[in-house]
file input.txt (compact mmCIF, C-alpha atoms and all ligand atoms)
# COMPACT_ATOMS: atom_id res chain seq x y z
CA MET A 76 -28.68 0.99 -8.36
CA THR A 77 -26.20 0.81 -5.52
CA SER A 78 -22.59 0.21 -6.32
CA LEU A 79 -20.00 -1.13 -3.94
CA ILE A 80 -16.36 -0.14 -4.38
CA ILE A 81 -13.89 -2.53 -2.77
CA HIS A 82 -10.38 -1.12 -2.66
CA HIS A 83 -6.85 -1.54 -1.34
CA TRP A 84 -6.03 0.31 1.89
CA ASP A 85 -3.09 2.32 0.53
CA THR A 86 -2.99 5.66 -1.27
CA ASP A 87 -3.44 4.10 -4.70
CA GLY A 88 -6.44 2.10 -3.49
CA ILE A 89 -8.05 5.16 -1.91
CA CYS A 90 -7.42 7.34 -4.98
CA SER A 91 -8.68 4.69 -7.38
CA ALA A 92 -11.84 4.23 -5.32
CA SER A 93 -12.34 8.00 -5.27
CA LEU A 94 -12.07 8.14 -9.06
CA VAL A 95 -14.74 5.44 -9.40
CA ALA A 96 -16.90 7.28 -6.86
CA LEU A 97 -16.58 10.54 -8.82
CA VAL A 98 -17.82 8.77 -11.94
CA LEU A 99 -20.75 7.21 -10.06
CA ASP A 100 -21.64 10.59 -8.53
CA TYR A 101 -21.61 12.08 -12.01
CA LEU A 102 -23.97 9.35 -13.20
CA GLY A 103 -26.24 10.02 -10.23
CA GLU A 104 -25.74 6.53 -8.80
CA SER A 105 -25.39 5.80 -5.12
CA TRP A 106 -22.28 4.05 -3.90
CA GLY A 107 -20.50 2.79 -0.82
CA ASN A 108 -16.90 1.73 -0.32
CA VAL A 109 -15.10 -0.82 1.78
CA THR A 110 -11.55 -2.10 2.28
CA PRO A 111 -10.52 -5.55 3.58
CA PRO A 112 -9.13 -5.92 7.10
CA ILE A 113 -5.78 -4.17 6.74
CA GLY A 114 -3.01 -6.54 5.74
CA LEU A 115 -5.39 -9.26 4.64
CA PHE A 116 -5.98 -9.86 0.92
CA ASP A 117 -9.31 -11.47 1.65
CA PHE A 118 -12.96 -10.54 2.14
CA ASP A 119 -14.50 -10.86 5.59
CA ASP A 120 -18.23 -11.32 6.33
CA ARG A 121 -18.73 -7.60 6.40
CA ILE A 122 -17.61 -7.31 2.77
CA TRP A 123 -19.59 -10.35 1.56
CA LYS A 124 -22.75 -8.91 3.16
CA LYS A 125 -22.20 -5.59 1.42
CA ILE A 126 -21.69 -7.41 -1.89
CA GLU A 127 -25.06 -9.13 -1.39
CA ARG A 128 -26.78 -5.77 -1.04
CA ALA A 129 -25.05 -4.20 -4.07
CA THR A 130 -26.19 -4.34 -7.67
CA ASP A 131 -22.80 -3.51 -9.06
CA VAL A 132 -19.34 -4.16 -7.68
CA PHE A 133 -16.06 -2.37 -8.45
CA ILE A 134 -12.81 -3.89 -7.24
CA VAL A 135 -9.83 -1.58 -7.52
CA ASP A 136 -6.12 -2.03 -6.81
CA LEU A 137 -6.76 -5.25 -4.92
CA ASN A 138 -4.97 -8.31 -6.25
CA VAL A 139 -7.68 -10.87 -5.49
CA PRO A 140 -8.68 -12.53 -8.80
CA GLU A 141 -9.81 -15.71 -7.02
CA LEU A 142 -12.29 -13.66 -4.96
CA VAL A 143 -13.51 -11.71 -7.98
CA GLU A 144 -14.41 -15.03 -9.62
CA LYS A 145 -16.67 -15.90 -6.68
CA ILE A 146 -18.82 -12.78 -7.00
CA ASP A 147 -22.18 -13.54 -8.60
CA ARG A 148 -23.03 -10.08 -9.90
CA LYS A 149 -21.68 -7.50 -12.28
CA VAL A 150 -18.05 -6.76 -11.41
CA THR A 151 -15.63 -4.21 -12.81
CA PHE A 152 -12.14 -5.27 -11.76
CA ILE A 153 -9.59 -2.50 -12.26
CA ASP A 154 -6.00 -3.39 -11.40
CA HIS A 155 -2.34 -3.21 -12.35
CA HIS A 156 -0.95 -6.28 -10.59
CA VAL A 157 0.22 -9.37 -12.43
CA GLN A 158 -2.73 -11.77 -12.28
CA PRO A 159 -4.62 -14.26 -14.45
CA LYS A 160 -7.16 -12.79 -16.85
CA ILE A 161 -10.71 -13.44 -15.68
CA GLU A 162 -12.94 -14.74 -18.43
CA LYS A 163 -16.43 -14.59 -16.99
CA PRO A 164 -19.40 -12.86 -18.62
CA ASN A 165 -20.26 -10.89 -15.46
CA VAL A 166 -16.68 -9.60 -15.01
CA GLU A 167 -15.11 -6.69 -16.84
CA HIS A 168 -11.42 -7.14 -16.15
CA VAL A 169 -9.43 -3.97 -16.81
CA ASN A 170 -5.69 -4.54 -16.47
CA PRO A 171 -3.29 -3.28 -19.15
CA ILE A 172 -0.34 -4.97 -17.42
CA ILE A 173 -1.64 -8.47 -18.18
CA GLU A 174 -2.26 -7.33 -21.77
CA GLY A 175 1.48 -6.82 -22.01
CA ARG A 176 1.72 -3.09 -21.27
CA SER A 177 4.52 -1.78 -19.07
CA GLU A 178 4.54 -0.59 -15.47
CA GLU A 179 5.98 2.72 -16.65
CA ASP A 180 2.85 3.37 -18.74
CA TYR A 181 0.46 2.09 -16.06
CA PRO A 182 2.13 2.67 -12.70
CA SER A 183 -1.01 2.43 -10.57
CA ALA A 184 -4.63 1.37 -10.51
CA SER A 185 -5.52 5.07 -10.37
CA TRP A 186 -3.84 5.54 -13.74
CA VAL A 187 -5.70 2.56 -15.19
CA ALA A 188 -9.02 3.80 -13.78
CA SER A 189 -8.47 7.31 -15.15
CA GLU A 190 -7.84 5.98 -18.61
CA TYR A 191 -10.76 3.56 -18.44
CA PHE A 192 -13.26 6.26 -17.43
CA SER A 193 -11.49 9.15 -19.17
CA VAL A 194 -11.43 11.00 -15.88
CA TRP A 195 -8.08 12.56 -15.07
CA SER A 196 -7.29 14.48 -11.93
CA TYR A 197 -4.63 14.90 -9.25
CA LEU A 198 -5.92 11.56 -7.92
CA SER A 199 -4.55 9.78 -11.00
CA ALA A 200 -1.09 11.13 -10.17
CA LEU A 201 -1.36 10.66 -6.41
CA GLY A 202 -2.06 6.93 -6.75
CA ALA A 203 1.00 6.55 -8.97
CA LEU A 204 3.16 8.53 -6.57
CA GLY A 205 1.93 6.34 -3.72
CA ASP A 206 2.84 3.08 -5.46
CA VAL A 207 6.02 4.04 -7.27
CA GLY A 208 7.43 6.89 -5.20
CA ARG A 209 8.98 10.08 -6.51
CA ARG A 210 10.83 8.30 -9.33
CA VAL A 211 7.48 8.30 -11.17
CA PHE A 212 8.25 11.93 -12.04
CA ASP A 213 11.25 10.76 -14.09
CA TRP A 214 9.15 8.35 -16.10
CA LYS A 215 7.48 9.18 -19.41
CA ILE A 216 4.15 9.75 -17.67
CA GLY A 217 5.86 11.95 -15.08
CA LYS A 218 5.18 15.12 -17.03
CA LYS A 219 1.48 14.41 -17.24
CA ALA A 220 1.44 13.51 -13.54
CA MET A 221 3.02 16.85 -12.65
CA GLN A 222 0.61 18.74 -14.90
CA LEU A 223 -2.36 17.07 -13.24
CA LEU A 224 -1.07 18.01 -9.81
CA ALA A 225 -0.42 21.59 -10.89
CA GLU A 226 -3.92 21.95 -12.36
CA PHE A 227 -5.26 21.21 -8.90
CA GLY A 228 -2.89 23.61 -7.20
CA LEU A 229 -0.51 20.97 -5.87
CA GLN A 230 3.27 20.98 -5.95
CA ARG A 231 5.28 17.78 -5.91
CA ARG A 232 6.00 18.33 -2.24
CA ASP A 233 2.28 18.67 -1.44
CA ALA A 234 1.59 15.45 -3.28
CA MET A 235 4.26 13.56 -1.31
CA LYS A 236 2.74 14.90 1.89
CA LEU A 237 -0.75 13.81 0.81
CA VAL A 238 0.54 10.30 0.12
CA SER A 239 1.92 10.00 3.63
CA MET A 240 -1.31 11.45 5.04
CA LEU A 241 -3.49 8.96 3.15
CA ASP A 242 -1.17 6.05 3.99
CA SER A 243 -1.23 7.06 7.67
CA ASN A 244 -4.67 5.47 7.98
CA TYR A 245 -3.42 1.98 7.22
CA VAL A 246 -0.12 2.48 9.04
CA ILE A 247 -2.05 2.96 12.27
CA MET A 248 -4.32 0.05 11.21
CA ASP A 249 -7.45 2.23 11.08
CA ARG A 250 -9.75 0.45 8.64
CA ASN A 251 -12.55 3.01 9.13
CA GLY A 252 -10.04 5.77 8.52
CA VAL A 253 -9.10 4.22 5.18
CA GLU A 254 -12.74 3.90 4.17
CA ASP A 255 -13.71 7.41 5.31
CA ALA A 256 -10.83 8.86 3.29
CA VAL A 257 -12.66 8.17 0.02
CA ARG A 258 -15.60 10.42 0.87
CA THR A 259 -13.31 13.01 2.43
CA ILE A 260 -11.42 13.26 -0.85
CA ILE A 261 -14.59 13.55 -2.93
CA GLU A 262 -15.97 16.30 -0.73
CA SER A 263 -12.82 18.42 -0.36
CA GLU A 264 -10.65 20.73 -2.37
CA PRO A 265 -7.26 19.08 -2.88
CA ARG A 266 -5.34 21.82 -1.06
CA ASP A 267 -7.70 21.62 1.92
CA LEU A 268 -6.81 17.93 2.32
CA LEU A 269 -3.32 19.05 3.34
CA GLY A 270 -4.86 20.42 6.53
CA ASN A 271 -6.96 17.34 7.32
CA GLU A 272 -6.71 17.11 11.09
CA ARG A 273 -7.41 13.42 11.41
CA TRP A 274 -4.59 12.48 9.04
CA LEU A 275 -2.18 15.00 10.54
CA ARG A 276 -2.91 13.56 13.96
CA ASN A 277 -2.18 10.08 12.57
CA LEU A 278 1.17 11.32 11.26
CA SER A 279 2.23 12.71 14.60
CA ILE A 280 1.13 9.52 16.38
CA ILE A 281 3.21 7.51 13.90
CA GLU A 282 6.22 9.81 14.21
CA ARG A 283 6.12 9.57 18.00
CA GLU A 284 5.83 5.77 17.92
CA VAL A 285 8.71 5.43 15.45
CA TRP A 286 11.07 7.52 17.58
CA LYS A 287 10.00 5.69 20.73
CA VAL A 288 10.92 2.42 19.06
CA LEU A 289 14.23 3.86 17.90
CA ASP A 290 15.21 4.32 21.54
CA ASN A 291 15.64 0.56 21.77
CA VAL A 292 18.56 0.25 19.41
CA GLU A 293 21.08 -2.39 20.37
CA ASN A 294 24.41 -3.12 18.71
CA VAL A 295 24.93 -6.86 18.30
CA GLY A 296 28.34 -7.44 16.72
CA LYS A 297 27.89 -7.22 12.97
CA PHE A 298 24.52 -5.57 13.00
CA THR A 299 22.09 -3.34 14.84
CA LYS A 300 18.99 -4.84 16.35
CA ILE A 301 15.75 -3.09 17.16
CA GLU A 302 13.13 -5.06 19.09
CA PHE A 303 9.72 -3.63 19.84
CA GLU A 304 6.02 -4.31 20.20
CA SER A 305 3.64 -2.11 18.26
CA ARG A 306 0.22 -2.72 16.79
CA PHE A 307 1.12 -0.15 14.12
CA ASN A 308 2.57 -1.09 10.76
CA ILE A 309 5.70 1.01 11.24
CA ILE A 310 8.53 -1.48 10.90
CA SER A 311 9.59 -0.34 7.42
CA LYS A 312 9.65 3.30 8.59
CA VAL A 313 11.69 2.32 11.63
CA VAL A 314 14.45 0.60 9.66
CA ARG A 315 14.50 3.31 7.02
CA LYS A 316 15.08 5.94 9.70
CA ALA A 317 17.70 3.76 11.39
CA VAL A 318 19.68 3.38 8.16
CA TRP A 319 18.99 6.63 6.33
CA VAL A 320 18.75 9.09 9.20
CA MET A 321 20.71 7.52 12.05
CA GLY A 322 23.36 6.01 9.79
CA TYR A 323 23.35 2.37 10.96
CA GLU A 324 24.67 0.07 8.23
CA VAL A 325 22.90 -3.22 8.86
CA VAL A 326 19.63 -3.15 10.78
CA VAL A 327 17.44 -6.05 11.87
CA ALA A 328 14.11 -5.01 13.37
CA VAL A 329 11.51 -7.21 15.04
CA ASN A 330 7.96 -6.28 15.94
CA ARG A 331 6.78 -8.97 18.35
CA GLY A 332 3.39 -7.41 18.93
CA PHE A 333 1.80 -6.83 15.53
CA GLY A 334 -1.62 -8.18 16.46
CA GLU A 335 -1.48 -11.97 16.27
CA LYS A 336 1.64 -11.85 14.15
CA GLY A 337 5.27 -10.93 14.20
CA GLN A 338 7.15 -8.83 11.67
CA VAL A 339 10.84 -9.04 10.86
CA TYR A 340 12.74 -6.56 8.70
CA LEU A 341 16.28 -6.24 7.46
CA ARG A 342 17.74 -3.19 5.76
CA ILE A 343 21.36 -2.65 4.77
CA LYS A 344 23.15 0.39 3.40
CA PRO A 345 22.87 0.11 -0.42
CA GLU A 346 26.69 0.14 -0.70
CA LEU A 347 26.78 -3.15 1.20
CA ALA A 348 24.56 -4.96 -1.29
CA ASP A 349 27.63 -6.45 -2.98
CA SER A 350 28.92 -8.04 0.21
CA ILE A 351 25.60 -9.05 1.81
CA ASN A 352 23.36 -11.12 -0.43
CA VAL A 353 19.89 -10.13 0.73
CA PRO A 354 18.03 -11.93 -2.12
CA ALA A 355 19.74 -15.17 -1.03
CA ILE A 356 18.43 -14.66 2.52
CA ILE A 357 14.93 -14.09 1.12
CA GLU A 358 15.20 -17.33 -0.90
CA LYS A 359 16.31 -19.31 2.13
CA LEU A 360 13.41 -17.94 4.19
CA LYS A 361 10.94 -18.81 1.43
CA LEU A 362 12.32 -22.35 1.30
CA LYS A 363 11.50 -22.62 4.98
CA GLY A 364 7.95 -21.54 4.26
CA PHE A 365 8.20 -17.90 5.34
CA ASN A 366 6.18 -15.21 3.62
CA ALA A 367 9.22 -13.08 2.83
CA GLY A 368 9.86 -10.49 0.17
CA GLY A 369 12.21 -7.65 -0.67
CA LYS A 370 14.98 -6.38 -2.87
CA ARG A 371 18.78 -6.03 -2.90
CA ASP A 372 18.94 -3.98 0.27
CA VAL A 373 15.74 -4.78 2.13
CA LEU A 374 13.84 -7.80 3.37
CA GLY A 375 10.52 -8.02 5.15
CA LEU A 376 8.41 -10.84 6.47
CA ILE A 377 5.34 -11.46 8.53
CA CYS A 378 4.92 -14.73 10.42
CA PRO A 379 3.18 -16.38 13.37
CA LYS A 380 4.69 -15.15 16.64
CA ASP A 381 6.17 -18.54 17.49
CA ARG A 382 8.28 -18.54 14.31
CA ILE A 383 9.90 -15.12 14.82
CA ASP A 384 13.07 -16.49 16.41
CA GLU A 385 13.49 -19.10 13.68
CA ALA A 386 13.30 -16.34 11.03
CA LEU A 387 15.77 -14.24 13.00
CA SER A 388 18.30 -17.03 13.24
CA VAL A 389 18.16 -17.61 9.47
CA ILE A 390 18.77 -13.91 8.82
CA GLU A 391 21.41 -13.43 11.50
CA GLY A 392 23.19 -16.60 10.41
CA MET A 393 23.64 -15.19 6.91
CA LEU A 394 24.91 -11.73 7.90
MN MN A 401 -1.62 -0.01 -6.62
call {"tool": "encode", "arguments": {"input": "input.txt", "output": "structure tokens", "more": "lines below"}}
Ligand SMILES: [Mn+2]
result
Amino acid sequence: MTSLIIHHWDTDGICSASLVALVLDYLGESWGNVTPPIGLFDFDDRIWKKIERATDVFIVDLNVPELVEKIDRKVTFIDHHVQPKIEKPNVEHVNPIIEGRSEEDYPSASWVASEYFSVWSYLSALGALGDVGRRVFDWKIGKKAMQLLAEFGLQRRDAMKLVSMLDSNYVIMDRNGVEDAVRTIIESEPRDLLGNERWLRNLSIIEREVWKVLDNVENVGKFTKIEFESRFNIISKVVRKAVWVMGYEVVVAVNRGFGEKGQVYLRIKPELADSINVPAIIEKLKLKGFNAGGKRDVLGLICPKDRIDEALSVIEGML
């Protein structure tokens, strides 16, 4: 028996995959793990070939029901995203959210996996912290999350650090780094992970790149514009620093060199959310066919490079 674990590239995906791997280790079964090309909710040839060689497939924290349906062997699909229920005899679909349970009870795939296997550890909490952020500690499950961390010798602060360390792999677009993280977690003591040199190096590379980008801040009338080219997925960090640390009120950032694509981001000071209608900008962009998303104070989109300026003019026209 060889199982294949296919997982999301973020902290929750890595932690959920590690929980499945722990169970498989306990059962004495061999396993491998793989993540899609970062940013792409799709399987490439490499993944399909691995599926062919596996007897058993686990898909965790990856919202790809249409791909799960195509797999012709036993699949355990563990998720917490809103998605259609898969009714196929070879698929065990584990998702309390689509059974009507709330996000506050099941904040992450790691939480769902822990309950499903009855295996609870700091990884259950770490996945939730990764997806929800520190507000998870205020939720009903927050107490249990903190207990789990404490049992493994981790403070809240350590856990936050571990989340940024695990996420650093996808931020620098290191697919192998994401995949290797699963075995690293299984083979290490939680506190030792805090000294993981590869992830710490990632963090300093990211930090340096973010500050380099923040040198190119330009004031354009009503807003601040930051244009850069980076193959790293740092645009959300850049605008957060610009608004939260540097104090700019309305920031538009553009990454014109994100592989084949462009990224555009808008963040405003929360106090301005009454005067600048960010959701309306998101709606307008969607109407024009852009893959945009966000909230009251933030907007992000990814698009082909030749549509960046069109997206920018929509956003700038509504500021
Ligand atoms: Mn998740």
call {"tool": "closest_residue", "arguments": {"input": "input.txt", "among": "A:Trp319, A:Phe307, A:Trp286, A:Trp186", "to": "ligand MN 401 (chain A)", "atoms": "all atoms listed in the file"}}
result
A:Trp186
call {"tool": "residues_near_ligand", "arguments": {"input": "input.txt", "ligand": "ligand MN 401 (chain A)", "cutoff": "9 Å", "atoms": "only C-alpha atoms and all ligand atoms", "output": "list in words"}}
result
His83, Asp85, Thr86, Asp87, Gly88, Ser91, Val135, Asp136, Leu137, Asn138, Asp154, His155, His156, Pro182, Ser183, Ala184, Ser185, Gly202, Ala203, Gly205, Asp206 and Val207 of chain A
call {"tool": "atom_distance", "arguments": {"input": "input.txt", "atom1": "CA of Pro354 (chain A)", "atom2": "CA of Phe303 (chain A)"}}
result
24.9 Å
call {"tool": "residues_around", "arguments": {"input": "input.txt", "residues": "Ala200 (chain A)", "least_positions_apart": "4", "cutoff": "7 Å", "atoms": "all atoms listed in the file", "output": "PyMOL selection string"}}
result
chain A and resi 204+220+223-224
call {"tool": "closest_atom_pairs", "arguments": {"input": "input.txt", "of": "region 88-137 of chain A", "to": "region 253-263 of chain A", "cutoff": "8 Å", "atoms": "all atoms listed in the file", "output": "JSON lines"}}
result
{"residue": "A:Ile89", "atom": "CA", "partner": "A:Val257", "partner_atom": "CA", "distance": 5.8}
{"residue": "A:Cys90", "atom": "CA", "partner": "A:Val257", "partner_atom": "CA", "distance": 7.3}
{"residue": "A:Ala92", "atom": "CA", "partner": "A:Val257", "partner_atom": "CA", "distance": 6.7}
{"residue": "A:Ser93", "atom": "CA", "partner": "A:Val257", "partner_atom": "CA", "distance": 5.3}
{"residue": "A:Ala96", "atom": "CA", "partner": "A:Ile261", "partner_atom": "CA", "distance": 7.8}
{"residue": "A:Leu97", "atom": "CA", "partner": "A:Ile261", "partner_atom": "CA", "distance": 6.9}
{"residue": "A:Asn108", "atom": "CA", "partner": "A:Glu254", "partner_atom": "CA", "distance": 6.5}
{"residue": "A:Val109", "atom": "CA", "partner": "A:Glu254", "partner_atom": "CA", "distance": 5.8}
{"residue": "A:Thr110", "atom": "CA", "partner": "A:Glu254", "partner_atom": "CA", "distance": 6.4}
call {"tool": "closest_residue", "arguments": {"input": "input.txt", "among": "A:Ala348, A:Cys378, A:Val313, A:Leu79", "to": "Ile281 (chain A)", "atoms": "all atoms listed in the file"}}
result
A:Val313
call {"tool": "axis_aligned_box", "arguments": {"input": "input.txt", "around": "region 327-336 of chain A", "padding_each_side": "5 Å", "output": "lines of an AutoDock Vina configuration file"}}
result
center_x = 7.9
center_y = -8.5
center_z = 15.4
size_x = 29.1
size_y = 17.0
size_z = 17.1
call {"tool": "residues_around", "arguments": {"input": "input.txt", "residues": "Ile126 (chain A)", "least_positions_apart": "5", "cutoff": "9 Å", "atoms": "only C-alpha atoms", "output": "number ranges by chain"}}
result
A: 78-79, 121, 131-132, 146, 148
call {"tool": "closest_residue", "arguments": {"input": "input.txt", "among": "A:Met248, A:Ile351, A:Leu269, A:Val98", "to": "Arg232 (chain A)", "atoms": "only C-alpha atoms"}}
result
A:Leu269
call {"tool": "residues_around", "arguments": {"input": "input.txt", "residues": "Val143 (chain A)", "least_positions_apart": "3", "cutoff": "12 Å", "atoms": "all atoms listed in the file", "output": "ChimeraX atom specification"}}
result
/A:81,116-118,123,126,132-135,137-140,146-154,158-163,165-168
call {"tool": "atom_distance", "arguments": {"input": "input.txt", "atom1": "CA of Leu241 (chain A)", "atom2": "CA of Gly270 (chain A)"}}
result
12.0 Å
call {"tool": "atom_distance", "arguments": {"input": "input.txt", "atom1": "CA of Lys300 (chain A)", "atom2": "CA of Ala328 (chain A)"}}
result
5.7 Å
call {"tool": "closest_residue", "arguments": {"input": "input.txt", "among": "A:Leu278, A:Val211, A:Leu394, A:Val353", "to": "Ser243 (chain A)", "atoms": "only C-alpha atoms"}}
result
A:Leu278
call {"tool": "residues_around", "arguments": {"input": "input.txt", "residues": "region 179-181 of chain A", "least_positions_apart": "3", "cutoff": "7 Å", "atoms": "only C-alpha atoms", "output": "PyMOL selection string"}}
result
chain A and resi 186-187+214+216
call {"tool": "closest_residue", "arguments": {"input": "input.txt", "among": "A:Arg315, A:Lys380, A:His82, A:Lys370", "to": "Phe333 (chain A)", "atoms": "all atoms listed in the file"}}
result
A:Lys380
call {"tool": "closest_residue", "arguments": {"input": "input.txt", "among": "A:Ser350, A:Lys287, A:Val373, A:Arg176", "to": "Val318 (chain A)", "atoms": "only C-alpha atoms"}}
result
A:Val373
call {"tool": "residues_around", "arguments": {"input": "input.txt", "residues": "Ala367 (chain A)", "least_positions_apart": "3", "cutoff": "12 Å", "atoms": "all atoms listed in the file", "output": "number ranges by chain"}}
result
A: 338-341, 353-364, 370, 373-378, 386, 390
call {"tool": "write_last_selection", "arguments": {"input": "input.txt", "atoms": "C-alpha atoms", "output": "tab-separated table (two decimals), keeping the file's coordinate frame"}}
result
chain	number	residue	atom	x	y	z
A	338	GLN	CA	7.15	-8.83	11.67
A	339	VAL	CA	10.84	-9.04	10.86
A	340	TYR	CA	12.74	-6.56	8.70
A	341	LEU	CA	16.28	-6.24	7.46
A	353	VAL	CA	19.89	-10.13	0.73
A	354	PRO	CA	18.03	-11.93	-2.12
A	355	ALA	CA	19.74	-15.17	-1.03
A	356	ILE	CA	18.43	-14.66	2.52
A	357	ILE	CA	14.93	-14.09	1.12
A	358	GLU	CA	15.20	-17.33	-0.90
A	359	LYS	CA	16.31	-19.31	2.13
A	360	LEU	CA	13.41	-17.94	4.19
A	361	LYS	CA	10.94	-18.81	1.43
A	362	LEU	CA	12.32	-22.35	1.30
A	363	LYS	CA	11.50	-22.62	4.98
A	364	GLY	CA	7.95	-21.54	4.26
A	370	LYS	CA	14.98	-6.38	-2.87
A	373	VAL	CA	15.74	-4.78	2.13
A	374	LEU	CA	13.84	-7.80	3.37
A	375	GLY	CA	10.52	-8.02	5.15
A	376	LEU	CA	8.41	-10.84	6.47
A	377	ILE	CA	5.34	-11.46	8.53
A	378	CYS	CA	4.92	-14.73	10.42
A	386	ALA	CA	13.30	-16.34	11.03
A	390	ILE	CA	18.77	-13.91	8.82
